[in-house]
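Novice: run.cif is reproduced in full below (mmCIF, C-alpha atoms).
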```cif
data_entry
#
loop_
_atom_site.label_atom_id
_atom_site.label_comp_id
_atom_site.auth_asym_id
_atom_site.auth_seq_id
_atom_site.Cartn_x
_atom_site.Cartn_y
_atom_site.Cartn_z
CA MET U 1 0.00 0.00 0.00
CA ARG U 2 -0.66 2.83 1.36
CA GLY U 3 0.35 6.17 1.20
CA GLY U 4 2.92 4.93 -1.11
CA ALA U 5 3.96 1.31 -1.22
CA SER U 6 2.83 -2.05 -2.48
CA GLY U 7 0.66 -5.13 -2.30
CA LEU U 8 2.03 -8.64 -2.00
CA LEU U 9 2.21 -8.94 -5.76
CA ILE U 10 2.15 -5.24 -6.50
CA LEU U 11 4.22 -2.25 -5.53
CA ILE U 12 2.31 0.74 -4.51
CA LEU U 13 4.76 3.53 -5.17
CA VAL U 14 6.59 4.32 -8.36
CA THR U 15 10.26 3.41 -8.01
CA ALA U 16 13.07 4.34 -10.34
CA SER U 17 14.96 1.81 -12.41
CA ALA U 18 18.25 0.73 -10.99
CA ALA U 19 21.35 1.75 -12.91
CA PRO U 20 22.60 -0.96 -15.26
CA ILE U 21 25.63 -3.01 -14.25
CA HIS U 22 28.43 -2.42 -16.72
CA ALA U 23 29.27 -5.52 -18.70
CA GLN U 24 32.98 -5.06 -18.15
CA THR U 25 32.67 -5.44 -14.36
CA PRO U 26 33.95 -8.92 -13.46
CA PRO U 27 31.30 -10.84 -11.49
CA GLU U 28 33.91 -12.10 -9.03
CA ALA U 29 34.88 -8.50 -8.22
CA ALA U 30 31.34 -7.11 -8.15
CA ALA U 31 29.91 -9.52 -5.57
CA PRO U 32 32.31 -8.75 -2.68
CA ASP U 33 32.04 -5.03 -3.35
CA ALA U 34 28.23 -5.22 -3.35
CA ALA U 35 28.25 -7.20 -0.10
CA GLY U 36 30.57 -4.67 1.49
CA ALA U 37 28.45 -1.76 0.31
CA PHE U 38 25.36 -3.40 1.79
CA ARG U 39 27.08 -3.90 5.17
CA ARG U 40 28.23 -0.28 5.21
CA CYS U 41 24.76 0.94 4.31
CA VAL U 42 23.16 -1.09 7.09
CA ALA U 43 25.77 0.16 9.54
CA ASP U 44 24.84 3.75 8.62
CA ILE U 45 21.20 3.02 9.51
CA ILE U 46 22.00 1.98 13.09
CA PRO U 47 22.63 5.57 14.36
CA LEU U 48 19.33 6.62 12.79
CA ALA U 49 17.56 3.89 14.74
CA ASP U 50 19.35 5.03 17.91
CA ALA U 51 18.14 8.58 17.30
CA LYS U 52 14.56 7.31 17.16
CA GLY U 53 14.98 5.54 20.48
CA ILE U 54 14.69 2.05 19.04
CA ALA U 55 16.21 -0.45 21.44
CA ARG U 56 19.70 -1.65 20.52
CA ARG U 57 18.68 -5.26 21.17
CA VAL U 58 16.01 -4.97 18.43
CA VAL U 59 18.40 -3.33 16.01
CA ALA U 60 21.07 -5.93 16.71
CA ALA U 61 18.67 -8.84 16.36
CA GLU U 62 17.30 -7.58 13.05
CA LEU U 63 20.31 -6.01 11.32
CA GLU U 64 23.45 -7.80 12.50
CA GLY U 65 24.60 -10.28 9.90
CA LEU U 66 21.75 -9.33 7.55
CA SER U 67 22.26 -10.06 3.87
CA PRO U 68 20.35 -8.54 0.92
CA ASP U 69 17.47 -10.44 -0.66
CA PRO U 70 18.54 -11.18 -4.25
CA GLY U 71 14.93 -11.39 -5.44
CA ILE U 72 13.93 -7.87 -4.43
CA LEU U 73 15.38 -5.36 -6.88
CA ALA U 74 14.13 -6.94 -10.11
CA PRO U 75 10.40 -6.61 -9.23
CA ALA U 76 11.04 -3.06 -8.07
CA ARG U 77 12.12 -2.23 -11.64
CA ASP U 78 9.22 -4.02 -13.35
CA GLN U 79 6.03 -3.43 -11.38
CA ALA U 80 3.12 -5.32 -12.89
CA GLU U 81 0.69 -2.42 -12.82
CA PHE U 82 3.10 -0.33 -14.88
CA VAL U 83 4.46 -2.90 -17.34
CA LYS U 84 1.48 -5.17 -18.14
CA PRO U 85 -1.29 -4.11 -20.51
CA ILE U 86 -4.14 -2.81 -18.42
CA TRP U 87 -6.49 -5.53 -19.72
CA ASP U 88 -4.05 -8.25 -18.64
CA TYR U 89 -3.77 -6.64 -15.22
CA LEU U 90 -7.56 -6.51 -14.86
CA ASP U 91 -7.88 -10.10 -16.09
CA ALA U 92 -5.47 -11.19 -13.36
CA THR U 93 -7.04 -9.20 -10.52
CA VAL U 94 -10.79 -9.24 -11.27
CA THR U 95 -11.37 -12.96 -11.75
CA PRO U 96 -14.52 -15.05 -11.28
CA SER U 97 -12.95 -16.83 -8.31
CA ARG U 98 -11.93 -13.55 -6.67
CA ILE U 99 -15.44 -12.18 -7.17
CA ALA U 100 -17.04 -15.29 -5.67
CA GLN U 101 -14.59 -15.41 -2.78
CA GLY U 102 -15.11 -11.71 -2.13
CA GLN U 103 -18.87 -12.05 -2.03
CA ALA U 104 -18.47 -14.88 0.47
CA LYS U 105 -16.19 -12.70 2.60
CA LEU U 106 -18.71 -9.87 2.47
CA ALA U 107 -21.34 -12.22 3.88
CA GLU U 108 -19.00 -13.72 6.45
CA TRP U 109 -17.88 -10.35 7.81
CA ALA U 110 -21.14 -8.44 7.25
CA PRO U 111 -21.64 -7.31 10.89
CA VAL U 112 -18.05 -6.09 11.17
CA LEU U 113 -18.22 -4.32 7.81
CA ALA U 114 -21.47 -2.63 8.81
CA ARG U 115 -19.73 -1.22 11.90
CA ILE U 116 -16.76 -0.10 9.85
CA GLU U 117 -19.04 1.66 7.36
CA ALA U 118 -20.86 3.40 10.20
CA THR U 119 -17.58 4.47 11.82
CA TYR U 120 -15.57 5.61 8.78
CA GLY U 121 -18.12 6.10 5.99
CA VAL U 122 -16.18 3.93 3.51
CA ASP U 123 -18.08 1.51 1.27
CA ARG U 124 -17.61 -2.12 2.31
CA HIS U 125 -17.31 -3.28 -1.30
CA VAL U 126 -14.28 -1.04 -1.85
CA LEU U 127 -12.68 -2.36 1.35
CA ALA U 128 -13.30 -5.93 0.24
CA ALA U 129 -11.90 -5.16 -3.21
CA ILE U 130 -8.68 -3.75 -1.74
CA TRP U 131 -8.44 -6.83 0.48
CA GLY U 132 -8.92 -9.07 -2.55
CA VAL U 133 -6.43 -7.31 -4.82
CA GLU U 134 -3.79 -6.88 -2.13
CA SER U 135 -3.70 -10.34 -0.56
CA THR U 136 -6.49 -12.45 -2.11
CA TYR U 137 -8.43 -12.00 1.12
CA GLY U 138 -5.43 -12.91 3.24
CA THR U 139 -4.65 -16.26 1.65
CA VAL U 140 -1.18 -15.28 0.43
CA LEU U 141 -0.12 -14.24 3.93
CA GLU U 142 0.44 -17.89 4.72
CA ASP U 143 2.33 -18.65 1.50
CA PRO U 144 6.07 -18.76 2.22
CA THR U 145 6.83 -18.66 -1.49
CA ILE U 146 5.33 -15.16 -1.66
CA VAL U 147 5.81 -13.39 1.67
CA ARG U 148 9.23 -12.26 2.79
CA PRO U 149 10.78 -10.91 6.01
CA VAL U 150 9.90 -7.21 5.98
CA VAL U 151 13.12 -5.95 7.54
CA ARG U 152 15.32 -7.77 5.03
CA ALA U 153 13.19 -6.59 2.10
CA LEU U 154 13.31 -2.96 3.19
CA ALA U 155 17.03 -3.08 3.97
CA THR U 156 17.65 -4.46 0.48
CA LEU U 157 15.68 -1.60 -1.08
CA ALA U 158 17.16 1.06 1.21
CA CYS U 159 20.66 -0.02 0.22
CA GLY U 160 19.99 -0.95 -3.39
CA GLU U 161 17.50 1.58 -4.80
CA ALA U 162 19.64 4.71 -4.84
CA GLU U 163 17.00 7.18 -6.04
CA ARG U 164 14.47 6.17 -3.38
CA SER U 165 16.83 5.14 -0.62
CA ALA U 166 15.54 7.76 1.82
CA TYR U 167 11.98 6.49 1.44
CA TRP U 168 12.95 2.87 1.97
CA ARG U 169 15.17 3.81 4.91
CA ASP U 170 12.26 5.56 6.62
CA GLU U 171 10.10 2.49 6.09
CA LEU U 172 12.84 0.26 7.51
CA LEU U 173 13.06 2.45 10.60
CA GLY U 174 9.27 2.24 10.88
CA ALA U 175 9.46 -1.56 10.76
CA LEU U 176 12.08 -1.57 13.51
CA GLN U 177 9.88 0.73 15.59
CA ILE U 178 6.92 -1.64 15.22
CA LEU U 179 9.08 -4.51 16.46
CA ASP U 180 10.46 -2.40 19.30
CA GLU U 181 6.92 -1.59 20.43
CA GLY U 182 6.01 -5.27 20.38
CA ARG U 183 3.19 -4.81 17.86
CA VAL U 184 4.06 -8.08 16.11
CA SER U 185 6.60 -10.84 16.52
CA PRO U 186 9.67 -10.82 14.24
CA GLU U 187 8.56 -14.16 12.81
CA ARG U 188 5.14 -12.82 11.85
CA MET U 189 6.48 -9.56 10.39
CA THR U 190 6.37 -10.72 6.81
CA GLY U 191 5.05 -8.97 3.76
CA SER U 192 5.63 -8.17 0.11
CA TRP U 193 8.95 -7.68 -1.59
CA ALA U 194 8.37 -3.95 -1.00
CA GLY U 195 7.72 -4.37 2.73
CA ALA U 196 3.93 -4.01 2.65
CA MET U 197 2.28 -5.92 5.47
CA GLY U 198 -0.92 -7.64 6.51
CA HIS U 199 -4.28 -8.37 4.92
CA THR U 200 -4.46 -5.00 3.17
CA GLN U 201 -0.73 -4.37 2.81
CA PHE U 202 0.20 -1.38 4.92
CA MET U 203 3.70 0.02 4.76
CA PRO U 204 5.31 0.35 8.22
CA THR U 205 4.98 4.14 8.47
CA THR U 206 1.35 3.94 7.33
CA TYR U 207 0.71 1.31 9.96
CA LEU U 208 2.19 3.56 12.66
CA GLN U 209 0.03 6.50 11.53
CA HIS U 210 -3.27 4.89 10.59
CA ALA U 211 -3.68 1.33 11.90
CA VAL U 212 -6.47 0.92 14.45
CA ASP U 213 -7.60 -1.66 16.99
CA PHE U 214 -11.15 -2.40 15.86
CA ASP U 215 -11.71 -5.76 17.53
CA GLY U 216 -10.97 -4.30 20.96
CA ASP U 217 -8.19 -6.65 22.03
CA GLY U 218 -5.73 -3.83 22.67
CA ARG U 219 -3.59 -4.55 19.62
CA ARG U 220 -3.47 -3.08 16.11
CA ASP U 221 -3.06 -6.42 14.39
CA ILE U 222 -3.32 -6.17 10.60
CA TRP U 223 -1.66 -9.59 10.17
CA ASN U 224 -4.11 -11.76 12.10
CA SER U 225 -7.25 -9.65 12.70
CA VAL U 226 -9.53 -9.06 9.72
CA PRO U 227 -11.51 -6.37 11.62
CA ASP U 228 -8.31 -4.47 12.45
CA ALA U 229 -7.01 -4.73 8.88
CA LEU U 230 -10.24 -3.60 7.20
CA ALA U 231 -10.91 -0.82 9.71
CA SER U 232 -7.32 0.40 9.36
CA THR U 233 -7.82 0.58 5.62
CA ALA U 234 -11.10 2.46 6.08
CA ASN U 235 -9.36 4.86 8.46
CA TYR U 236 -6.62 5.49 5.91
CA LEU U 237 -9.13 6.14 3.11
CA LYS U 238 -11.17 8.45 5.34
CA VAL U 239 -8.09 10.48 6.27
CA SER U 240 -7.15 10.57 2.57
CA GLY U 241 -10.43 12.31 1.73
CA TRP U 242 -12.99 9.58 1.07
CA ARG U 243 -16.47 11.00 0.47
CA PRO U 244 -19.17 8.93 2.17
CA GLY U 245 -22.11 8.04 -0.03
CA GLU U 246 -20.21 8.57 -3.29
CA GLY U 247 -18.72 5.92 -5.53
CA TRP U 248 -15.53 5.90 -7.55
CA GLY U 249 -17.13 6.71 -10.91
CA PHE U 250 -18.52 4.72 -13.83
CA GLU U 251 -17.96 3.69 -17.42
CA VAL U 252 -19.42 5.95 -20.10
CA ARG U 253 -20.06 5.91 -23.84
CA LEU U 254 -18.87 8.90 -25.87
CA PRO U 255 -20.91 10.53 -28.64
CA GLU U 256 -19.91 10.63 -32.29
CA GLY U 257 -17.55 13.49 -33.01
CA PHE U 258 -16.47 13.83 -29.38
CA ASP U 259 -13.57 16.20 -28.67
CA TYR U 260 -10.99 13.87 -27.12
CA ALA U 261 -8.97 16.81 -25.88
CA LEU U 262 -11.57 17.00 -23.10
CA ALA U 263 -10.35 13.64 -21.77
CA ASP U 264 -7.32 15.15 -20.08
CA GLU U 265 -7.82 13.35 -16.72
CA VAL U 266 -7.31 16.71 -14.98
CA THR U 267 -10.19 19.03 -15.86
CA GLU U 268 -13.09 18.37 -13.51
CA ARG U 269 -16.62 19.10 -14.69
CA PRO U 270 -19.97 18.39 -13.04
CA ILE U 271 -21.53 15.12 -14.16
CA SER U 272 -24.45 17.15 -15.49
CA GLU U 273 -22.09 19.04 -17.81
CA TRP U 274 -20.53 15.81 -19.08
CA LEU U 275 -24.04 14.58 -19.84
CA ARG U 276 -24.76 17.79 -21.77
CA LEU U 277 -21.65 17.04 -23.83
CA GLY U 278 -23.28 13.78 -24.89
CA LEU U 279 -21.69 11.25 -22.51
CA ARG U 280 -23.96 8.45 -21.32
CA ARG U 281 -23.53 5.73 -18.76
CA ALA U 282 -22.40 2.52 -20.39
CA GLU U 283 -24.80 0.57 -18.16
CA PRO U 284 -28.20 2.25 -18.70
CA LEU U 285 -30.02 -0.01 -16.25
CA ALA U 286 -28.02 1.32 -13.31
CA ALA U 287 -29.81 3.76 -11.03
CA PRO U 288 -28.54 7.33 -11.48
CA ASP U 289 -26.62 7.21 -8.20
CA ALA U 290 -25.79 3.50 -8.22
CA GLN U 291 -22.09 4.21 -8.51
CA GLY U 292 -22.15 7.47 -6.64
CA GLY U 293 -22.19 11.03 -7.82
CA ALA U 294 -25.01 13.53 -7.81
CA PRO U 295 -25.53 15.55 -11.03
CA GLU U 296 -23.30 18.34 -9.71
CA SER U 297 -20.53 16.05 -8.48
CA GLY U 298 -17.26 16.85 -10.20
CA ALA U 299 -15.68 14.18 -12.41
CA VAL U 300 -12.76 13.82 -14.80
CA LEU U 301 -12.84 11.85 -18.04
CA VAL U 302 -10.16 9.17 -18.52
CA LEU U 303 -9.49 6.88 -21.49
CA PRO U 304 -6.83 4.39 -20.34
CA THR U 305 -6.31 2.95 -23.84
CA GLY U 306 -7.41 5.85 -25.95
CA ALA U 307 -10.36 6.20 -28.28
CA ARG U 308 -10.70 2.45 -28.94
CA GLY U 309 -11.08 1.35 -25.32
CA PRO U 310 -13.42 1.99 -22.40
CA ALA U 311 -13.96 5.53 -21.12
CA PHE U 312 -14.59 6.44 -17.49
CA LEU U 313 -15.88 9.38 -15.53
CA LEU U 314 -13.87 9.32 -12.31
CA LEU U 315 -15.11 10.92 -9.12
CA PRO U 316 -12.92 12.24 -6.26
CA ASN U 317 -13.05 8.88 -4.47
CA PHE U 318 -11.05 7.38 -7.34
CA ARG U 319 -8.22 9.75 -6.44
CA VAL U 320 -8.39 8.39 -2.90
CA ILE U 321 -7.94 4.85 -4.22
CA LEU U 322 -4.94 6.15 -6.14
CA ARG U 323 -3.50 7.29 -2.81
CA TYR U 324 -3.40 3.60 -1.94
CA ASN U 325 -1.46 2.85 -5.14
CA THR U 326 -0.52 5.44 -7.74
CA ALA U 327 -1.05 3.13 -10.74
CA LEU U 328 -4.20 3.64 -12.82
CA ALA U 329 -4.37 -0.10 -13.51
CA TYR U 330 -4.40 -0.86 -9.78
CA ALA U 331 -7.04 1.73 -8.90
CA LEU U 332 -9.29 0.66 -11.77
CA SER U 333 -8.95 -2.97 -10.68
CA VAL U 334 -10.06 -2.11 -7.15
CA ALA U 335 -12.91 0.04 -8.48
CA HIS U 336 -14.14 -2.58 -10.93
CA LEU U 337 -13.83 -5.44 -8.45
CA SER U 338 -15.89 -3.43 -5.95
CA ASP U 339 -18.65 -3.11 -8.56
CA ARG U 340 -18.51 -6.80 -9.42
CA LEU U 341 -18.73 -7.70 -5.72
CA ARG U 342 -21.98 -5.73 -5.47
CA GLY U 343 -23.34 -7.60 -8.50
CA GLY U 344 -22.47 -5.15 -11.25
CA PRO U 345 -21.60 -6.15 -14.85
CA ALA U 346 -18.28 -6.34 -16.63
CA PHE U 347 -17.16 -3.31 -18.61
CA ALA U 348 -19.33 -2.74 -21.68
CA GLN U 349 -16.59 -1.61 -24.05
CA GLY U 350 -13.82 -4.05 -24.88
CA TRP U 351 -10.11 -3.33 -24.63
CA PRO U 352 -7.88 -3.10 -27.75
CA ARG U 353 -6.40 -6.51 -27.00
CA THR U 354 -4.80 -6.90 -30.42
CA ASP U 355 -2.52 -3.94 -29.74
CA ARG U 356 1.09 -4.81 -29.10
CA PRO U 357 1.98 -3.26 -25.74
CA LEU U 358 5.14 -1.22 -25.62
CA SER U 359 8.04 -2.59 -23.62
CA THR U 360 9.55 -0.54 -20.82
CA GLU U 361 12.43 0.44 -23.09
CA GLU U 362 10.03 1.43 -25.87
CA ARG U 363 8.08 3.60 -23.46
CA ARG U 364 11.34 5.28 -22.50
CA GLN U 365 12.05 5.85 -26.19
CA LEU U 366 8.60 7.38 -26.66
CA GLN U 367 9.13 9.67 -23.67
CA GLY U 368 12.55 10.62 -25.00
CA HIS U 369 11.14 11.54 -28.40
CA LEU U 370 8.43 13.66 -26.79
CA ALA U 371 10.86 15.35 -24.41
CA GLY U 372 13.20 16.07 -27.32
CA ARG U 373 10.36 17.94 -29.00
CA GLY U 374 9.71 20.03 -25.92
CA PHE U 375 6.77 18.13 -24.45
CA ALA U 376 6.93 17.69 -20.67
CA VAL U 377 6.68 13.95 -19.93
CA GLY U 378 7.49 14.07 -16.22
CA GLY U 379 10.59 11.92 -16.55
CA VAL U 380 11.97 9.34 -18.98
CA ASP U 381 11.25 6.34 -16.75
CA GLY U 382 9.24 3.98 -18.95
CA LYS U 383 6.07 4.52 -16.89
CA VAL U 384 3.23 6.18 -18.78
CA GLY U 385 1.42 8.25 -16.18
CA PRO U 386 -0.71 11.42 -16.33
CA LYS U 387 2.17 13.72 -17.35
CA THR U 388 3.28 11.48 -20.20
CA ARG U 389 -0.30 11.06 -21.40
CA ALA U 390 -0.71 14.86 -21.34
CA ALA U 391 2.45 15.17 -23.43
CA ILE U 392 1.10 12.60 -25.89
CA ARG U 393 -2.18 14.51 -26.20
CA ALA U 394 -0.30 17.74 -26.85
CA TYR U 395 1.79 16.09 -29.57
CA GLN U 396 -1.24 14.40 -31.14
CA ALA U 397 -3.10 17.70 -31.26
CA SER U 398 -0.11 19.43 -32.89
CA ALA U 399 0.10 16.63 -35.48
CA GLY U 400 -3.61 16.60 -36.33
CA LEU U 401 -4.20 13.22 -34.67
CA VAL U 402 -6.97 12.22 -32.29
CA PRO U 403 -5.65 13.57 -28.96
CA ASP U 404 -6.58 10.55 -26.85
CA GLY U 405 -3.25 10.23 -25.01
CA TYR U 406 -2.71 6.60 -25.91
CA ALA U 407 0.86 5.30 -26.14
CA ASP U 408 0.96 2.55 -28.75
CA ALA U 409 3.40 1.12 -31.29
CA ALA U 410 2.07 3.28 -34.12
CA LEU U 411 2.69 6.44 -32.13
CA LEU U 412 6.23 5.35 -31.26
CA ALA U 413 6.94 4.57 -34.91
CA ARG U 414 5.65 7.96 -36.00
CA LEU U 415 7.78 9.77 -33.45
CA GLY U 416 10.80 7.67 -34.35
CA GLU U 417 10.40 8.67 -38.00
CA GLY U 418 10.49 12.31 -36.97
CA ARG U 419 6.93 13.03 -38.00
#
```
Represent the structure contained in this file as structure tokens.
Specialist:
Amino acid sequence: MRGGASGLLILILVTASAAPIHAQTPPEAAAPDAAGAFRRCVADIIPLADAKGIARRVVAAELEGLSPDPGILAPARDQAEFVKPIWDYLDATVTPSRIAQGQAKLAEWAPVLARIEATYGVDRHVLAAIWGVESTYGTVLEDPTIVRPVVRALATLACGEAERSAYWRDELLGALQILDEGRVSPERMTGSWAGAMGHTQFMPTTYLQHAVDFDGDGRRDIWNSVPDALASTANYLKVSGWRPGEGWGFEVRLPEGFDYALADEVTERPISEWLRLGLRRAEPLAAPDAQGGAPESGAVLVLPTGARGPAFLLLPNFRVILRYNTALAYALSVAHLSDRLRGGPAFAQGWPRTDRPLSTEERRQLQGHLAGRGFAVGGVDGKVGPKTRAAIRAYQASAGLVPDGYADAALLARLGEGR
């Protein structure tokens, strides 16, 4: 999660790619140097833990003799929600089995979820969807092939991800503080490769700030207590600006001749104004407020795969889900799973599945071409986010193309040809 980290299979924050290892570096020379650098980095963290008042016995037990996890840095460079086509990501996260299992969990925990809704104002279906996407309703927490020791994972990132080392170091110190306070045993403090923990994958600092004891046993136990985990998530969403009684948004159909420049994912207009522009709900049988949003509620229009894919009006609560994970694919998966859990249909418009998705390197090339022409892409990192899509729209408009912001192979080829 949460506030900037990851789920068991998903990282929640955007991390930078690690610098390539030069081919001329002999492996036998690189390994000892890397091991020494890791030991020195960990040693530098110990005074920081002392400054926070973390007991030396905890620091010694967790950090002395620690080695890096060799399986950590590769997934940090290739996060699924940024490198997979969005339809593949949705196919993997919003599955029939996950929908059925989620509906069973909603029934099983109905009294608890009703209390959480009353306390925090967050829709139970969204909470269940986050639970499902993050940990498959807790089932992966017991899978030793997936979960990892949190301290080792965070130490590996703090000492191996140079551009985000400060962030990972703070999370490592947060993990040590949790252990020092006796919130969880060292054996149980497992999580994702990015250090996200528990049923709904809180990062350590988010746990310290937002976890709650909802079952009344005196402990904030997101690892073993479903009520604590779901209520902690509701608390985080509430603090992040969740609007009670509103949904995340809904799929829409666009009229013929629509001006795609309006789909800039930034400009907010009342739903009533979008309707005057000819947009219609893709699911006409839904009640007007079935997915939240009164006529004057503000919404932005987003086309994740351009003019040939689904279009969505996104309400402010969607931005709150994005606070949980900054990837559009992740937030849309949570949003769509929440609708399916309440009995809603699949998306009406199909995805352009025959498109060849760009590789990370190709996305970097596309960003480089755009930046070279003066369009602000927000960084040449291979991750197509709002800034890169805005740059694409600006280029498309200047070239007389449909400004739908979609990064595909045809666009890359055109840019590469200098057109």
Novice: What lies within 8 Å of Trp248 of chain U using all atoms listed in the file, ignoring chain neighbours under 2 positions off, as a PyMOL selection string?
Specialist: chain U and resi 246+250+291-292+314-318+335
Novice: Once the PyMOL selection byres ((chain U and resi 388) around 8) has been evaluated on this model, what residues remain selected, and can you format them as a ChimeraX atom specification?
Specialist: /U:367,376-378,384-387,389-392
Novice: What does the distance from atom CA of Asp215 of chain U to atom CA of Val122 of chain U come to in Å, to one decimal?
Specialist: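 Taking atom CA of Asp215 of chain U and atom CA of Val122 of chain U, their separation equals 17.6 Å.
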Novice: How many Å separate atom CA of Leu328 of chain U from atom CA of Ile86 of chain U?
Specialist: 8.5 Å
Novice: Take the PyMOL selection byres ((chain U and resi 175) around 12), apply it to the structure above, and return the hits as a PyMOL selection string.
Specialist: chain U and resi 49+54+58-59+62-63+149-155+168-174+176-186+189-191+195-197+202-208
Novice: Could you write out as a ChimeraX atom specification the residues that the PyMOL selection byres ((chain U and resi 241) around 10) matches in the shown file?
Specialist: /U:236-240,242-244,316-317,319-321,323
Novice: Can you put all heavy atoms back into segment 394-400 of chain U and show it as a PDB file, in the frame of the given file?
Specialist:
```pdb
ATOM      1  N   ALA U 394      -0.778  16.486 -26.259  1.00  0.00           N
ATOM      2  CA  ALA U 394      -0.300  17.740 -26.850  1.00  0.00           C
ATOM      3  C   ALA U 394       0.366  17.487 -28.199  1.00  0.00           C
ATOM      4  O   ALA U 394       0.143  18.235 -29.165  1.00  0.00           O
ATOM      5  CB  ALA U 394       0.675  18.426 -25.887  1.00  0.00           C
ATOM      6  N   TYR U 395       1.170  16.433 -28.279  1.00  0.00           N
ATOM      7  CA  TYR U 395       1.790  16.090 -29.570  1.00  0.00           C
ATOM      8  C   TYR U 395       0.736  15.701 -30.588  1.00  0.00           C
ATOM      9  O   TYR U 395       0.771  16.159 -31.752  1.00  0.00           O
ATOM     10  CB  TYR U 395       2.791  14.950 -29.387  1.00  0.00           C
ATOM     11  CG  TYR U 395       3.152  14.304 -30.706  1.00  0.00           C
ATOM     12  CD1 TYR U 395       3.979  14.958 -31.615  1.00  0.00           C
ATOM     13  CD2 TYR U 395       2.607  13.071 -31.068  1.00  0.00           C
ATOM     14  CE1 TYR U 395       4.267  14.391 -32.858  1.00  0.00           C
ATOM     15  CE2 TYR U 395       2.895  12.493 -32.298  1.00  0.00           C
ATOM     16  CZ  TYR U 395       3.732  13.161 -33.192  1.00  0.00           C
ATOM     17  OH  TYR U 395       3.995  12.604 -34.413  1.00  0.00           O
ATOM     18  N   GLN U 396      -0.204  14.843 -30.196  1.00  0.00           N
ATOM     19  CA  GLN U 396      -1.240  14.400 -31.140  1.00  0.00           C
ATOM     20  C   GLN U 396      -2.017  15.595 -31.690  1.00  0.00           C
ATOM     21  O   GLN U 396      -2.315  15.651 -32.892  1.00  0.00           O
ATOM     22  CB  GLN U 396      -2.181  13.418 -30.443  1.00  0.00           C
ATOM     23  CG  GLN U 396      -1.560  12.062 -30.136  1.00  0.00           C
ATOM     24  CD  GLN U 396      -2.440  11.218 -29.235  1.00  0.00           C
ATOM     25  OE1 GLN U 396      -3.122  11.739 -28.344  1.00  0.00           O
ATOM     26  NE2 GLN U 396      -2.433   9.900 -29.452  1.00  0.00           N
ATOM     27  N   ALA U 397      -2.358  16.525 -30.811  1.00  0.00           N
ATOM     28  CA  ALA U 397      -3.100  17.700 -31.260  1.00  0.00           C
ATOM     29  C   ALA U 397      -2.275  18.509 -32.251  1.00  0.00           C
ATOM     30  O   ALA U 397      -2.796  19.001 -33.264  1.00  0.00           O
ATOM     31  CB  ALA U 397      -3.495  18.556 -30.057  1.00  0.00           C
ATOM     32  N   SER U 398      -0.975  18.646 -31.995  1.00  0.00           N
ATOM     33  CA  SER U 398      -0.110  19.430 -32.890  1.00  0.00           C
ATOM     34  C   SER U 398       0.064  18.741 -34.238  1.00  0.00           C
ATOM     35  O   SER U 398       0.337  19.404 -35.244  1.00  0.00           O
ATOM     36  CB  SER U 398       1.254  19.649 -32.236  1.00  0.00           C
ATOM     37  OG  SER U 398       2.009  18.442 -32.181  1.00  0.00           O
ATOM     38  N   ALA U 399      -0.089  17.393 -34.246  1.00  0.00           N
ATOM     39  CA  ALA U 399       0.100  16.630 -35.480  1.00  0.00           C
ATOM     40  C   ALA U 399      -1.200  16.322 -36.194  1.00  0.00           C
ATOM     41  O   ALA U 399      -1.204  15.589 -37.198  1.00  0.00           O
ATOM     42  CB  ALA U 399       0.834  15.330 -35.164  1.00  0.00           C
ATOM     43  N   GLY U 400      -2.319  16.834 -35.700  1.00  0.00           N
ATOM     44  CA  GLY U 400      -3.610  16.600 -36.330  1.00  0.00           C
ATOM     45  C   GLY U 400      -4.167  15.216 -36.084  1.00  0.00           C
ATOM     46  O   GLY U 400      -5.026  14.749 -36.831  1.00  0.00           O
TER      47      GLY U 400
END
```
